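Q: This is query03.csv (CSV, C-alpha atoms).
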chain,number,residue,atom,x,y,z
A,1268,MET,CA,34.9,-8.4,-37.6
A,1269,SER,CA,31.4,-7.0,-37.2
A,1270,LYS,CA,28.4,-8.5,-38.9
A,1271,TRP,CA,25.5,-6.0,-39.1
A,1272,ILE,CA,22.0,-7.3,-39.1
A,1273,SER,CA,19.8,-6.4,-42.1
A,1274,GLY,CA,16.6,-7.7,-43.6
A,1275,SER,CA,14.0,-9.9,-41.9
A,1276,ARG,CA,14.4,-13.0,-39.9
A,1277,SER,CA,11.9,-15.7,-39.1
A,1278,ILE,CA,10.6,-15.1,-35.5
A,1279,LEU,CA,8.5,-17.3,-33.3
A,1280,CYS,CA,9.9,-16.8,-29.9
A,1281,GLY,CA,8.8,-16.5,-26.3
A,1282,ALA,CA,8.9,-12.7,-25.7
A,1283,ALA,CA,9.1,-12.9,-21.9
A,1284,ALA,CA,12.4,-12.0,-20.4
A,1285,GLY,CA,14.3,-14.2,-18.0
A,1286,ALA,CA,17.5,-14.2,-15.9
A,1287,VAL,CA,19.6,-17.2,-15.2
A,1288,LEU,CA,21.9,-18.0,-18.2
A,1289,ALA,CA,25.2,-17.2,-19.7
A,1290,ALA,CA,26.4,-17.7,-23.2
A,1291,CYS,CA,27.2,-16.4,-26.7
A,1292,GLY,CA,29.0,-17.6,-29.7
A,1293,GLY,CA,31.3,-16.3,-32.3
A,1294,GLY,CA,34.1,-18.3,-33.9
A,1295,GLY,CA,33.5,-21.0,-36.4
A,1296,GLY,CA,34.3,-24.6,-37.1
A,1297,SER,CA,31.7,-26.2,-35.0
A,1298,THR,CA,28.6,-28.2,-35.9
A,1299,ALA,CA,25.5,-29.0,-34.1
A,1300,THR,CA,24.1,-32.5,-33.6
A,1301,VAL,CA,20.8,-33.3,-32.1
A,1302,ALA,CA,20.2,-35.9,-29.3
A,1303,PRO,CA,17.1,-38.1,-29.6
A,1304,VAL,CA,13.9,-36.9,-28.1
A,1305,ALA,CA,13.2,-39.0,-25.1
A,1306,GLY,CA,9.7,-37.8,-24.5
A,1307,PRO,CA,7.5,-35.9,-27.0
A,1308,ALA,CA,5.9,-32.5,-26.3
A,1309,PRO,CA,2.2,-32.2,-26.8
A,1310,GLY,CA,1.2,-31.2,-30.2
A,1311,THR,CA,0.8,-32.5,-33.8
A,1312,GLY,CA,3.7,-32.9,-36.1
A,1313,ASN,CA,7.2,-31.5,-35.8
A,1314,GLY,CA,8.7,-28.0,-36.0
A,1315,THR,CA,12.2,-26.7,-35.8
A,1316,VAL,CA,13.9,-24.6,-33.1
A,1317,ARG,CA,16.9,-22.5,-33.9
A,1318,VAL,CA,19.1,-21.1,-31.0
A,1319,ALA,CA,21.3,-18.0,-31.3
A,1320,LEU,CA,23.1,-15.7,-28.9
A,1321,THR,CA,23.9,-12.1,-28.8
A,1322,ASP,CA,25.5,-9.9,-26.1
A,1323,ALA,CA,25.4,-6.6,-24.3
A,1324,PRO,CA,28.7,-4.8,-23.6
A,1325,ALA,CA,30.9,-5.7,-20.6
A,1326,CYS,CA,32.3,-3.1,-18.2
A,1327,GLY,CA,36.1,-3.1,-17.7
A,1328,TYR,CA,37.0,-6.3,-19.6
A,1329,ASP,CA,38.8,-7.0,-22.9
A,1330,GLN,CA,37.4,-10.5,-23.1
A,1331,VAL,CA,34.7,-12.5,-21.4
A,1332,ASN,CA,35.0,-16.2,-22.6
A,1333,VAL,CA,32.7,-19.1,-22.1
A,1334,THR,CA,32.8,-22.6,-23.6
A,1335,VAL,CA,29.5,-23.9,-24.7
A,1336,GLU,CA,28.8,-27.7,-24.9
A,1337,ARG,CA,25.1,-27.9,-25.5
A,1338,VAL,CA,21.7,-26.3,-25.3
A,1339,ARG,CA,18.8,-28.3,-23.8
A,1340,PHE,CA,15.0,-28.0,-24.1
A,1341,HIS,CA,12.1,-29.5,-22.1
A,1342,VAL,CA,8.4,-29.0,-22.0
A,1343,SER,CA,8.4,-28.9,-18.2
A,1344,ALA,CA,9.8,-26.0,-16.2
A,1345,GLY,CA,10.4,-28.4,-13.3
A,1346,ALA,CA,12.1,-31.2,-15.2
A,1347,GLY,CA,15.3,-32.5,-13.5
A,1348,ASP,CA,18.6,-33.3,-15.2
A,1349,ASN,CA,17.9,-36.9,-15.9
A,1350,GLU,CA,14.2,-36.9,-16.6
A,1351,VAL,CA,13.0,-38.1,-20.0
A,1352,GLY,CA,11.9,-35.6,-22.6
A,1353,TRP,CA,15.0,-33.5,-23.1
A,1354,THR,CA,16.1,-32.5,-26.6
A,1355,ASP,CA,19.8,-31.3,-26.9
A,1356,ILE,CA,21.6,-29.3,-29.5
A,1357,VAL,CA,25.2,-30.5,-29.0
A,1358,LEU,CA,28.1,-28.4,-30.2
A,1359,ASN,CA,30.8,-30.7,-31.6
A,1360,PRO,CA,33.5,-29.6,-31.0
A,1361,VAL,CA,32.6,-27.4,-28.1
A,1362,ARG,CA,33.1,-23.7,-28.7
A,1363,LYS,CA,35.1,-21.2,-26.6
A,1364,ILE,CA,33.4,-17.9,-27.3
A,1365,ASP,CA,34.4,-14.3,-26.5
A,1366,LEU,CA,31.1,-12.8,-25.6
A,1367,LEU,CA,32.4,-9.3,-26.3
A,1368,THR,CA,32.5,-10.0,-30.0
A,1369,LEU,CA,28.7,-10.1,-30.0
A,1370,THR,CA,27.9,-6.5,-30.0
A,1371,ASN,CA,26.5,-4.0,-32.6
A,1372,GLY,CA,24.0,-6.4,-33.9
A,1373,VAL,CA,26.2,-9.5,-34.2
A,1374,ILE,CA,24.3,-12.7,-33.7
A,1375,ALA,CA,25.9,-16.2,-33.5
A,1376,ASP,CA,23.8,-19.3,-34.3
A,1377,LEU,CA,24.4,-22.3,-32.1
A,1378,GLY,CA,22.4,-24.7,-34.2
A,1379,GLN,CA,18.9,-26.0,-34.6
A,1380,SER,CA,16.8,-29.1,-33.8
A,1381,THR,CA,13.6,-30.8,-34.9
A,1382,LEU,CA,11.2,-31.0,-31.9
A,1383,PRO,CA,7.6,-32.2,-31.6
A,1384,ALA,CA,5.2,-29.3,-31.8
A,1385,GLY,CA,4.1,-27.9,-28.5
A,1386,LEU,CA,4.9,-25.5,-25.6
A,1387,TYR,CA,8.4,-25.7,-24.1
A,1388,THR,CA,9.1,-24.0,-20.8
A,1389,GLN,CA,12.7,-24.7,-19.9
A,1390,ILE,CA,16.0,-24.0,-21.6
A,1391,ARG,CA,19.5,-24.9,-20.3
A,1392,LEU,CA,22.9,-23.8,-21.5
A,1393,VAL,CA,25.6,-26.3,-20.5
A,1394,LEU,CA,29.2,-25.0,-20.2
A,1395,SER,CA,32.5,-26.9,-20.1
A,1396,PRO,CA,34.2,-27.0,-16.7
A,1397,ASN,CA,37.5,-25.3,-16.2
A,1398,GLY,CA,40.4,-27.8,-16.2
A,1399,GLY,CA,44.2,-27.7,-16.5
A,1400,GLY,CA,45.8,-25.4,-19.0
A,1401,SER,CA,43.8,-22.6,-20.6
A,1402,PRO,CA,40.5,-22.2,-18.7
A,1403,ALA,CA,37.3,-23.0,-20.6
A,1404,ASN,CA,35.6,-20.0,-19.0
A,1405,SER,CA,37.6,-16.8,-18.3
A,1406,VAL,CA,37.9,-13.0,-18.3
A,1407,VAL,CA,40.6,-10.7,-19.4
A,1408,PRO,CA,40.4,-7.5,-17.3
A,1409,ARG,CA,41.2,-4.4,-19.3
A,1410,GLY,CA,44.9,-4.4,-19.9
A,1411,GLY,CA,45.3,-7.6,-17.8
A,1412,SER,CA,45.8,-11.3,-18.4
A,1413,GLU,CA,43.4,-14.2,-18.8
A,1414,THR,CA,41.9,-15.2,-15.4
A,1415,PRO,CA,39.6,-18.2,-14.8
A,1416,LEU,CA,35.9,-17.4,-14.4
A,1417,ALA,CA,34.1,-19.6,-11.9
A,1418,THR,CA,30.7,-20.7,-13.1
A,1419,PRO,CA,27.7,-22.0,-11.2
A,1420,SER,CA,25.9,-25.3,-12.1
A,1421,GLY,CA,26.3,-24.5,-15.8
A,1422,THR,CA,29.2,-26.9,-16.1
A,1423,GLN,CA,27.1,-29.9,-14.8
A,1424,SER,CA,23.3,-29.6,-15.3
A,1425,GLY,CA,23.4,-26.3,-17.3
A,1426,LEU,CA,22.5,-22.7,-16.6
A,1427,LYS,CA,18.7,-22.8,-16.3
A,1428,LEU,CA,16.3,-20.4,-18.0
A,1429,ILE,CA,12.6,-20.8,-17.3
A,1430,ASN,CA,10.9,-19.2,-20.4
A,1431,SER,CA,8.1,-20.3,-22.6
A,1432,PHE,CA,8.2,-20.7,-26.4
A,1433,THR,CA,6.0,-22.6,-28.8
A,1434,VAL,CA,7.1,-24.8,-31.6
A,1435,GLU,CA,4.5,-24.9,-34.4
A,1436,PRO,CA,4.2,-27.8,-36.9
A,1437,GLY,CA,6.2,-27.2,-40.0
A,1438,LYS,CA,7.6,-23.8,-38.8
A,1439,LEU,CA,10.9,-22.4,-37.6
A,1440,THR,CA,11.0,-21.1,-34.0
A,1441,ASP,CA,13.8,-18.7,-33.1
A,1442,VAL,CA,15.1,-18.6,-29.6
A,1443,LEU,CA,17.6,-15.7,-29.2
A,1444,LEU,CA,19.5,-15.5,-25.9
A,1445,ASP,CA,20.7,-12.0,-25.0
A,1446,PHE,CA,23.6,-12.3,-22.5
A,1447,ASP,CA,24.5,-9.2,-20.4
A,1448,ALA,CA,28.2,-9.7,-19.6
A,1449,CYS,CA,28.4,-6.3,-17.9
A,1450,LYS,CA,25.9,-7.4,-15.2
A,1451,SER,CA,27.0,-11.0,-15.1
A,1452,ILE,CA,30.6,-10.8,-13.9
A,1453,VAL,CA,31.3,-10.5,-10.2
A,1454,GLN,CA,34.8,-9.5,-9.0
A,1455,ARG,CA,35.4,-11.3,-5.7
A,1456,GLY,CA,37.3,-9.8,-2.8
A,1457,ASN,CA,40.2,-12.3,-3.3
A,1458,GLY,CA,40.9,-11.2,-6.9
A,1459,THR,CA,39.0,-14.0,-8.5
A,1460,TYR,CA,35.9,-13.7,-10.8
A,1461,GLY,CA,32.6,-15.4,-10.7
A,1462,LEU,CA,29.7,-15.7,-13.2
A,1463,LYS,CA,26.3,-14.4,-12.0
A,1464,PRO,CA,24.5,-15.1,-15.3
A,1465,VAL,CA,22.0,-12.6,-16.6
A,1466,ILE,CA,20.3,-13.4,-19.8
A,1467,HIS,CA,17.0,-12.5,-21.6
A,1468,VAL,CA,15.0,-14.2,-24.3
A,1469,ILE,CA,14.2,-11.7,-27.0
A,1470,PRO,CA,12.5,-11.9,-30.4
A,1471,ARG,CA,14.8,-12.3,-33.3
A,1472,THR,CA,13.4,-9.5,-35.5
A,1473,GLY,CA,14.5,-7.4,-38.4
A,1474,ALA,CA,14.1,-4.2,-36.5
A,1475,ALA,CA,17.2,-2.2,-35.5
A,1476,ILE,CA,18.2,1.3,-34.2
A,1477,ALA,CA,21.5,2.8,-35.4
A,1478,GLY,CA,23.5,6.0,-35.3
A,1479,TYR,CA,26.8,7.6,-34.5
A,1480,VAL,CA,28.5,8.9,-31.3
A,1481,GLN,CA,31.3,11.4,-31.1
A,1482,THR,CA,34.6,9.7,-31.8
A,1483,GLY,CA,37.8,9.7,-29.8
A,1484,LEU,CA,36.1,8.6,-26.6
A,1485,THR,CA,36.3,5.3,-24.7
A,1486,GLY,CA,33.9,3.5,-22.5
A,1487,ILE,CA,30.8,4.7,-24.3
A,1488,THR,CA,27.6,2.6,-23.8
A,1489,VAL,CA,24.5,3.0,-25.9
A,1490,THR,CA,21.2,1.5,-24.6
A,1491,ALA,CA,17.7,1.1,-25.8
A,1492,GLN,CA,15.4,1.5,-22.7
A,1493,LYS,CA,11.7,1.4,-21.9
A,1494,ASN,CA,10.5,2.9,-18.6
A,1495,GLY,CA,14.0,2.9,-17.2
A,1496,VAL,CA,14.7,-0.8,-18.1
A,1497,VAL,CA,17.6,-1.6,-20.4
A,1498,LEU,CA,16.4,-3.9,-23.2
A,1499,ARG,CA,19.4,-3.7,-25.6
A,1500,ALA,CA,22.9,-2.3,-25.2
A,1501,THR,CA,26.0,-2.0,-27.3
A,1502,GLN,CA,29.2,0.1,-27.7
A,1503,PRO,CA,30.2,2.2,-30.7
A,1504,ASN,CA,33.0,1.0,-33.0
A,1505,SER,CA,36.1,3.0,-33.7
A,1506,THR,CA,34.2,5.2,-36.2
A,1507,GLY,CA,31.5,6.0,-33.6
A,1508,GLN,CA,28.9,3.9,-35.3
A,1509,PHE,CA,26.5,1.7,-33.2
A,1510,MET,CA,23.6,-0.6,-33.9
A,1511,LEU,CA,21.1,-1.9,-31.4
A,1512,ALA,CA,19.7,-5.0,-33.0
A,1513,PRO,CA,17.5,-6.8,-32.9
A,1514,VAL,CA,14.9,-4.7,-31.1
A,1515,ASP,CA,11.3,-5.7,-30.4
A,1516,PRO,CA,8.8,-3.6,-32.3
A,1517,SER,CA,6.1,-4.3,-29.7
A,1518,LYS,CA,8.2,-2.5,-27.0
A,1519,ALA,CA,8.6,0.7,-29.1
A,1520,PRO,CA,9.0,3.6,-28.8
A,1521,TYR,CA,12.4,3.5,-27.1
A,1522,ASP,CA,14.6,5.9,-25.2
A,1523,ILE,CA,18.1,5.8,-26.5
A,1524,VAL,CA,20.6,6.6,-23.7
A,1525,VAL,CA,24.3,7.3,-24.3
A,1526,THR,CA,26.5,7.3,-21.2
A,1527,GLY,CA,30.3,7.2,-20.5
A,1528,THR,CA,32.7,7.7,-17.6
A,1529,GLY,CA,33.1,11.4,-16.9
A,1530,LEU,CA,30.7,12.3,-19.7
A,1531,THR,CA,27.3,14.0,-19.8
A,1532,THR,CA,24.3,11.6,-20.3
A,1533,ALA,CA,22.4,12.1,-23.6
A,1534,VAL,CA,18.9,10.8,-24.1
A,1535,ILE,CA,16.8,10.6,-27.3
A,1536,THR,CA,13.1,9.8,-26.7
A,1537,GLY,CA,10.4,8.4,-28.8
A,1538,VAL,CA,12.5,6.3,-31.1
A,1539,PRO,CA,10.5,3.8,-33.2
A,1540,GLY,CA,11.5,0.2,-33.7
A,1541,THR,CA,9.9,-0.9,-36.9
A,1542,GLN,CA,9.9,-4.5,-38.2
A,1543,ASP,CA,12.4,-5.1,-41.0
A,1544,GLN,CA,13.7,-1.5,-40.8
A,1545,THR,CA,16.7,0.3,-39.3
A,1546,THR,CA,15.8,3.5,-37.5
A,1547,THR,CA,18.6,6.1,-37.6
A,1548,VAL,CA,18.9,8.5,-34.7
A,1549,SER,CA,22.1,10.3,-35.5
A,1550,SER,CA,24.5,10.5,-38.4
A,1551,LEU,CA,28.2,10.8,-39.1
A,1552,ALA,CA,27.6,14.5,-39.9
A,1553,ALA,CA,25.4,14.9,-36.8
A,1554,PRO,CA,26.7,12.5,-34.1
A,1555,VAL,CA,25.6,12.4,-30.5
A,1556,THR,CA,28.2,14.6,-28.8
A,1557,MET,CA,29.4,13.7,-25.3
A,1558,PRO,CA,30.7,16.8,-23.3
A,1559,THR,CA,32.8,16.0,-20.2
A,1560,SER,CA,31.1,16.2,-16.8
A,1561,PRO,CA,32.3,16.4,-13.2
A,1562,THR,CA,31.5,13.2,-11.3
A,1563,GLY,CA,30.5,12.3,-7.8
A,1564,THR,CA,30.5,9.0,-6.1
A,1565,VAL,CA,27.8,7.3,-4.0
A,1566,SER,CA,28.4,4.1,-2.0
A,1567,GLY,CA,26.7,1.8,0.5
A,1568,ALA,CA,25.9,-1.8,1.1
A,1569,VAL,CA,23.1,-4.2,0.2
A,1570,GLY,CA,21.9,-6.7,2.8
A,1571,PRO,CA,21.2,-9.2,4.2
A,1572,ALA,CA,24.4,-11.1,3.8
A,1573,ALA,CA,22.6,-13.8,1.8
A,1574,ALA,CA,21.7,-11.2,-0.9
A,1575,ALA,CA,25.3,-10.0,-1.4
A,1576,ALA,CA,26.3,-12.8,-3.8
A,1577,THR,CA,23.6,-11.8,-6.4
A,1578,GLY,CA,23.1,-8.2,-5.4
A,1579,SER,CA,23.2,-5.2,-7.7
A,1580,VAL,CA,22.5,-1.5,-7.6
A,1581,ARG,CA,21.5,0.8,-10.5
A,1582,ALA,CA,21.2,4.6,-10.7
A,1583,LEU,CA,18.0,6.0,-12.3
A,1584,GLN,CA,17.6,9.6,-13.4
A,1585,SER,CA,14.4,11.4,-14.3
A,1586,VAL,CA,15.4,13.5,-17.3
A,1587,SER,CA,11.9,14.9,-17.8
A,1588,ALA,CA,8.4,14.6,-16.2
A,1589,THR,CA,7.7,11.5,-18.3
A,1590,THR,CA,11.1,9.9,-18.9
A,1591,THR,CA,13.3,8.1,-16.4
A,1592,VAL,CA,16.4,6.2,-17.6
A,1593,GLU,CA,19.1,4.0,-16.1
A,1594,VAL,CA,22.5,5.8,-16.1
A,1595,ALA,CA,24.7,3.3,-14.3
A,1596,HIS,CA,24.7,-0.2,-12.8
A,1597,THR,CA,27.1,-2.2,-10.6
A,1598,ASN,CA,27.2,-5.5,-8.9
A,1599,THR,CA,27.7,-5.7,-5.1
A,1600,ASN,CA,30.7,-7.2,-3.5
A,1601,PRO,CA,29.6,-10.9,-3.2
A,1602,ILE,CA,31.0,-11.2,0.3
A,1603,THR,CA,30.3,-7.8,1.9
A,1604,GLY,CA,27.4,-6.4,-0.2
A,1605,ASP,CA,29.3,-3.2,-0.7
A,1606,TYR,CA,28.9,-1.1,-3.8
A,1607,SER,CA,30.1,2.2,-5.3
A,1608,LEU,CA,28.8,4.1,-8.3
A,1609,THR,CA,30.5,7.1,-10.1
A,1610,LEU,CA,27.9,9.4,-11.7
A,1611,PRO,CA,28.0,12.6,-13.8
A,1612,THR,CA,26.8,15.7,-12.0
A,1613,ALA,CA,26.2,17.8,-15.2
A,1614,ALA,CA,22.6,18.1,-16.3
A,1615,PRO,CA,21.6,15.3,-18.7
A,1616,ARG,CA,20.8,16.4,-22.2
A,1617,LEU,CA,17.5,15.5,-23.9
A,1618,MET,CA,15.9,15.6,-27.3
A,1619,SER,CA,13.0,13.9,-29.2
A,1620,TYR,CA,13.6,11.6,-32.1
A,1621,SER,CA,13.6,13.4,-35.5
A,1622,ASN,CA,13.3,12.0,-39.0
A,1623,PRO,CA,15.3,13.1,-40.9
A,1624,VAL,CA,18.2,13.7,-38.5
A,1625,VAL,CA,18.7,17.3,-37.6
A,1626,THR,CA,22.2,18.9,-37.8
A,1627,PRO,CA,23.4,19.4,-35.1
A,1628,LEU,CA,21.3,17.3,-32.8
A,1629,PRO,CA,19.1,19.5,-30.6
A,1630,LEU,CA,20.2,18.0,-27.2
A,1631,VAL,CA,19.0,20.4,-24.5
A,1632,PRO,CA,20.4,20.4,-20.9
A,1633,GLN,CA,17.8,19.5,-18.3
A,1634,ASP,CA,19.3,21.8,-15.6
A,1635,PRO,CA,16.8,21.0,-12.8
A,1636,ARG,CA,17.8,17.3,-13.0
A,1637,ALA,CA,21.6,17.8,-12.7
A,1638,ALA,CA,23.2,15.4,-10.2
A,1639,LYS,CA,19.8,14.0,-9.0
A,1640,TYR,CA,19.4,10.2,-9.0
A,1641,THR,CA,17.3,7.5,-7.4
A,1642,LEU,CA,19.1,4.2,-6.6
A,1643,GLU,CA,17.4,0.8,-6.8
A,1644,ALA,CA,18.9,-2.4,-5.2
A,1645,SER,CA,18.0,-5.9,-6.1
A,1646,ALA,CA,19.1,-9.5,-5.6
A,1647,THR,CA,17.9,-12.9,-6.8
A,1648,GLY,CA,15.1,-14.1,-4.6
A,1649,TYR,CA,14.5,-10.7,-3.0
A,1650,VAL,CA,12.1,-7.8,-3.6
A,1651,ALA,CA,13.8,-4.9,-5.4
A,1652,LYS,CA,13.9,-1.7,-3.3
A,1653,LEU,CA,13.9,1.9,-4.6
A,1654,GLY,CA,15.6,4.5,-2.5
A,1655,SER,CA,14.7,8.2,-2.1
A,1656,GLU,CA,16.1,10.8,-4.6
A,1657,ILE,CA,19.7,11.8,-3.8
A,1658,THR,CA,21.9,14.6,-5.0
A,1659,VAL,CA,25.4,13.6,-5.9
A,1660,SER,CA,28.3,16.0,-5.3
A,1661,SER,CA,31.5,16.3,-7.3
A,1662,SER,CA,33.3,17.5,-4.1
A,1663,THR,CA,32.0,15.3,-1.4
A,1664,PRO,CA,31.4,11.5,-1.7
A,1665,LEU,CA,27.9,10.4,-0.7
A,1666,THR,CA,28.2,7.4,1.6
A,1667,GLY,CA,25.9,5.3,3.7
A,1668,GLN,CA,23.3,4.6,1.0
A,1669,ASP,CA,22.4,1.2,2.4
A,1670,PHE,CA,19.6,-1.2,1.4
A,1671,ALA,CA,18.0,-3.9,3.5
A,1672,LEU,CA,16.2,-6.3,1.1
A,1673,VAL,CA,13.4,-8.6,2.1
A,1674,VAL,CA,12.9,-12.1,0.7
A,1675,ALA,CA,10.4,-12.3,-2.2
A,1676,PRO,CA,7.1,-14.0,-1.3
Show me this structure written as C-alpha cells.

A:
Amino acid sequence: MSKWISGSRSILCGAAAGAVLAACGGGGGSTATVAPVAGPAPGTGNGTVRVALTDAPACGYDQVNVTVERVRFHVSAGAGDNEVGWTDIVLNPVRKIDLLTLTNGVIADLGQSTLPAGLYTQIRLVLSPNGGGSPANSVVPRGGSETPLATPSGTQSGLKLINSFTVEPGKLTDVLLDFDACKSIVQRGNGTYGLKPVIHVIPRTGAAIAGYVQTGLTGITVTAQKNGVVLRATQPNSTGQFMLAPVDPSKAPYDIVVTGTGLTTAVITGVPGTQDQTTTVSSLAAPVTMPTSPTGTVSGAVGPAAAAATGSVRALQSVSATTTVEVAHTNTNPITGDYSLTLPTAAPRLMSYSNPVVTPLPLVPQDPRAAKYTLEASATGYVAKLGSEITVSSSTPLTGQDFALVVAP
C-alpha cells in the first residue's frame, strides 16, 4: 500500500551524496532502542537524529529484501568497529524489508536517537547474516523464486557511508538514506546474486514532483535528473501515477526523464522543486505517452579485472544543445567485466515544463539525436571514463565498446 508524501518535514541533513550502503524499510512491528553513547561529539547540549530510508526502482526483480539490525553513527570518518564514541539505533526485532515497496514517495522510519550536538561524519547500516531457512537478504527475480543475496561487510561491521551531518542542540536532524536497488544488485556468472550497495544521503524535504504516464505499459522508470545525473527515481503505479519525493529544492530545476524497454524516451525540462509543494508535470487527462521504438544493442567490457566487481556503464543522450540525460544503466559482469545495453533508436521527445499542464503534452521528437549516445564507465576506486559518441543500430549490434579504467589518485 503506497503512502504519498505531503506537507513539510523537519530537515537538517547533510546534503552531500555518498555511495556505500544498502537498506530500506517497510513492514511494521519493530521498535528502535538506543545504545549508550560511549564518547560524546563536540558541541553543547543534545539533539535528536532520525533515520529513514527510501528506494529507487529495481530492474528485473519482484523483490529485493534486506534485514536491518541497526544504524550506527560516529563523529570520526575513520573510526573502527570497536572504537568508543558509537551511537546505535537498534531495531528490535530486526526487520526484513522489501526495498521495492519504497517507491513513489514512500519513506520508512527506522528510529531516532538522542546524540550530543556536533558534526558526525560516519554512518553504518548493519544487516543480519544469511543463515539456515529463509535468507535474511534475498532477491526474487521477475517471475522467479527467492534467492539468497550475498552481502559485503554489512553483516558484521556494517555498510559504511562517509557523509557529514550536524546535530544541533534541541533540534531534530533527519538523515534520509536513498537506496538504489537497480544499481546495487549484481548477477554473478554462476547464477547467484551479490549486493554492491549504492546509497545517497538526501534532504528530507516537503518538495515533490508528480504526474501520470500512459497506462498499460510495464517496465517504465521515471527519474529526476540534473546534468545527466539521476537524483531520484520511481516507477508508476497501475494507474500510471508517479511521485518523485522528496526532491531537493536546491537542485532545481530538474529534467524529468521517462524511459522503458522498447519505448521512446521522453524528457520534460525546467521542472521546479519547491519546498512544501508538489509540482505536477502531467495529468490523468494529459499523461506522458510512450510510443514504441526499435532498439539496438551495444556491448563491451570494462577493465582492468579488479574493476569488474564494482563496474557499471550508463548511456547518456544529448536531447538538446543544453540538456543531456541518462537513458539506461547496467552493472558489469563481476567476473569478466562484460556489459550489454539495449537502447531505443527512435528520436527522444522533448518539452519544457508548463503550468498549467497542456493537453496533450507538446513532446517534440528531436530527430538529429535519434540513436546517438555516449557511454560512461565507472567502478569504485577508479576514474570514470566517457567514451566517444556512438550511433546504435536496430539491425546490427554494436560490439567492442571497451573501457580501460585507471585507478583514482

Q: Kindly indicate which residue among A:Ala1613, A:Val1524, A:Val1331, A:Cys1326 lies nearest to Asn1598 of chain A, using all atoms listed in the file for the distances.

A: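 Closest to Asn1598 of chain A, using all atoms listed in the file: A:Cys1326.
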
Q: Quote the spacing between atom CA of Gly1486 of chain A and atom CA of Thr1506 of chain A in Å to one decimal place.

A: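 About the pair atom CA of Gly1486 of chain A and atom CA of Thr1506 of chain A: they are 13.8 Å apart.
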
Q: So which residues touch Val1407 of chain A within 10 Å, counting all atoms listed in the file, skipping near sequence neighbours fewer than 5 positions away, as a list in words?

A: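 After dropping sequence-adjacent residues, the list is Gly1327, Tyr1328, Asp1329, Gln1330, Val1331, Asn1332, Ser1412, Glu1413, Thr1414, Pro1415 and Leu1416 of chain A.
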
Q: Given only C-alpha atoms as the basis, pick out the residue of A:Asn1397, A:Thr1663, A:Gln1481, A:Thr1641 nearest to Gln1502 of chain A.

A: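 Looking at the shortest contact to Gln1502 of chain A, the residue is A:Gln1481.
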
Q: Do you have the atom CA of Val1338 of chain A-atom CA of Ile1469 of chain A distance handy?

A: 16.5 Å

Q: Tell me which protein, DNA and RNA residues are within 9 Å of Lys1438 of chain A, counting all atoms listed in the file, leaving out same-chain ones fewer than 4 positions away, and put them as a list in words.

A: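 Close residues of Lys1438 of chain A: Leu1279, Asn1313, Gly1314, Thr1315, Val1316 and Val1434 of chain A.
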
Q: Quick one: of A:Tyr1460, A:Phe1670, A:Phe1446, A:Phe1509, who's nearest to Gly1372 of chain A, counting all atoms listed in the file?

A: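 Answer, going by the shortest atom-to-atom distance: A:Phe1509.
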
Q: Can you tell me which residues surround segment 1621-1636 of chain A at a distance of at most 10 Å, considering all atoms listed in the file, apart from same-chain residues fewer than 2 positions away, and format the answer as a ChimeraX atom specification?

A: /A:1478,1531-1538,1546-1550,1552-1556,1584-1587,1612-1619,1638-1640,1658

Q: Neighbours of Gly1667 of chain A within 10 Å (all atoms listed in the file; same-chain residues fewer than 3 positions away dropped), as a PDB file with C-alpha atoms, keeping the file's coordinate frame?

A:
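And here's out.pdb as it stands now:
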ATOM      1  CA  VAL A1565      27.800   7.300  -4.000  1.00  0.00           C
ATOM      2  CA  SER A1566      28.400   4.100  -2.000  1.00  0.00           C
ATOM      3  CA  GLY A1567      26.700   1.800   0.500  1.00  0.00           C
ATOM      4  CA  ALA A1568      25.900  -1.800   1.100  1.00  0.00           C
ATOM      5  CA  PRO A1664      31.400  11.500  -1.700  1.00  0.00           C
ATOM      6  CA  PHE A1670      19.600  -1.200   1.400  1.00  0.00           C
TER       7      PHE A1670
END

Q: Rounded to one decimal in Å, what is the spacing between atom CA of Pro1503 of chain A and atom CA of Gln1454 of chain A?

A: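 Calculated distance between atom CA of Pro1503 of chain A and atom CA of Gln1454 of chain A is 25.1 Å.
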
Q: Counting all atoms listed in the file, what are the residues of segment 1533-1626 of chain A within 8 Å of segment 1490-1500 of chain A, and for each of them which pair of atoms is the nearest and at what distance in Å, to one decimal? Sort the table by chain and rising number, as CSV.

A:
residue,atom,partner,partner_atom,distance
A:Leu1583,CA,A:Gly1495,CA,7.0
A:Thr1590,CA,A:Asn1494,CA,7.0
A:Thr1591,CA,A:Gly1495,CA,5.3
A:Val1592,CA,A:Gly1495,CA,4.1
A:Glu1593,CA,A:Gly1495,CA,5.3

Q: Identify, on the basis of only C-alpha atoms, every residue whose closest approach to Ser1579 of chain A does not exceed 7 Å; exclude the query and any residue fewer than 2 positions from it along the same chain; express the result as a list in words.

A: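 Surrounding residues, per the criterion: Thr1577, Arg1581, Thr1597, Asn1598, Thr1599, Ala1644, Ser1645 and Ala1646 of chain A.
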
Q: Could those selected residues go to a file with C-alpha atoms, as a PDB file, keeping the file's coordinate frame?

A:
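Below is the file selection.pdb, written as the result:
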ATOM      1  CA  THR A1577      23.600 -11.800  -6.400  1.00  0.00           C
ATOM      2  CA  ARG A1581      21.500   0.800 -10.500  1.00  0.00           C
ATOM      3  CA  THR A1597      27.100  -2.200 -10.600  1.00  0.00           C
ATOM      4  CA  ASN A1598      27.200  -5.500  -8.900  1.00  0.00           C
ATOM      5  CA  THR A1599      27.700  -5.700  -5.100  1.00  0.00           C
ATOM      6  CA  ALA A1644      18.900  -2.400  -5.200  1.00  0.00           C
ATOM      7  CA  SER A1645      18.000  -5.900  -6.100  1.00  0.00           C
ATOM      8  CA  ALA A1646      19.100  -9.500  -5.600  1.00  0.00           C
TER       9      ALA A1646
END

Q: Given the choices A:Ala1582, A:Ala1574, A:Ala1375, A:Leu1462, which gets closest to Asp1447 of chain A if the distance is worked out from all atoms listed in the file?

A: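 Using all atoms listed in the file, Asp1447 of chain A sits closest to A:Leu1462.
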
Q: May I ask which of the residues A:Thr1381, A:Asn1430, A:Thr1418, A:Asn1371 is the closest one to Val1393 of chain A, counting only C-alpha atoms?

A: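 Closest to Val1393 of chain A of all the choices is A:Thr1418.
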
Q: Box in all listed atoms of segment 1463-1476 of chain A, axis-aligned, with 3 Å more on each side; write out centre and edge lengths in Å to one decimal as lines of an AutoDock Vina configuration file.

A:
center_x = 19.4
center_y = -6.9
center_z = -25.2
size_x = 19.8
size_y = 22.4
size_z = 32.4
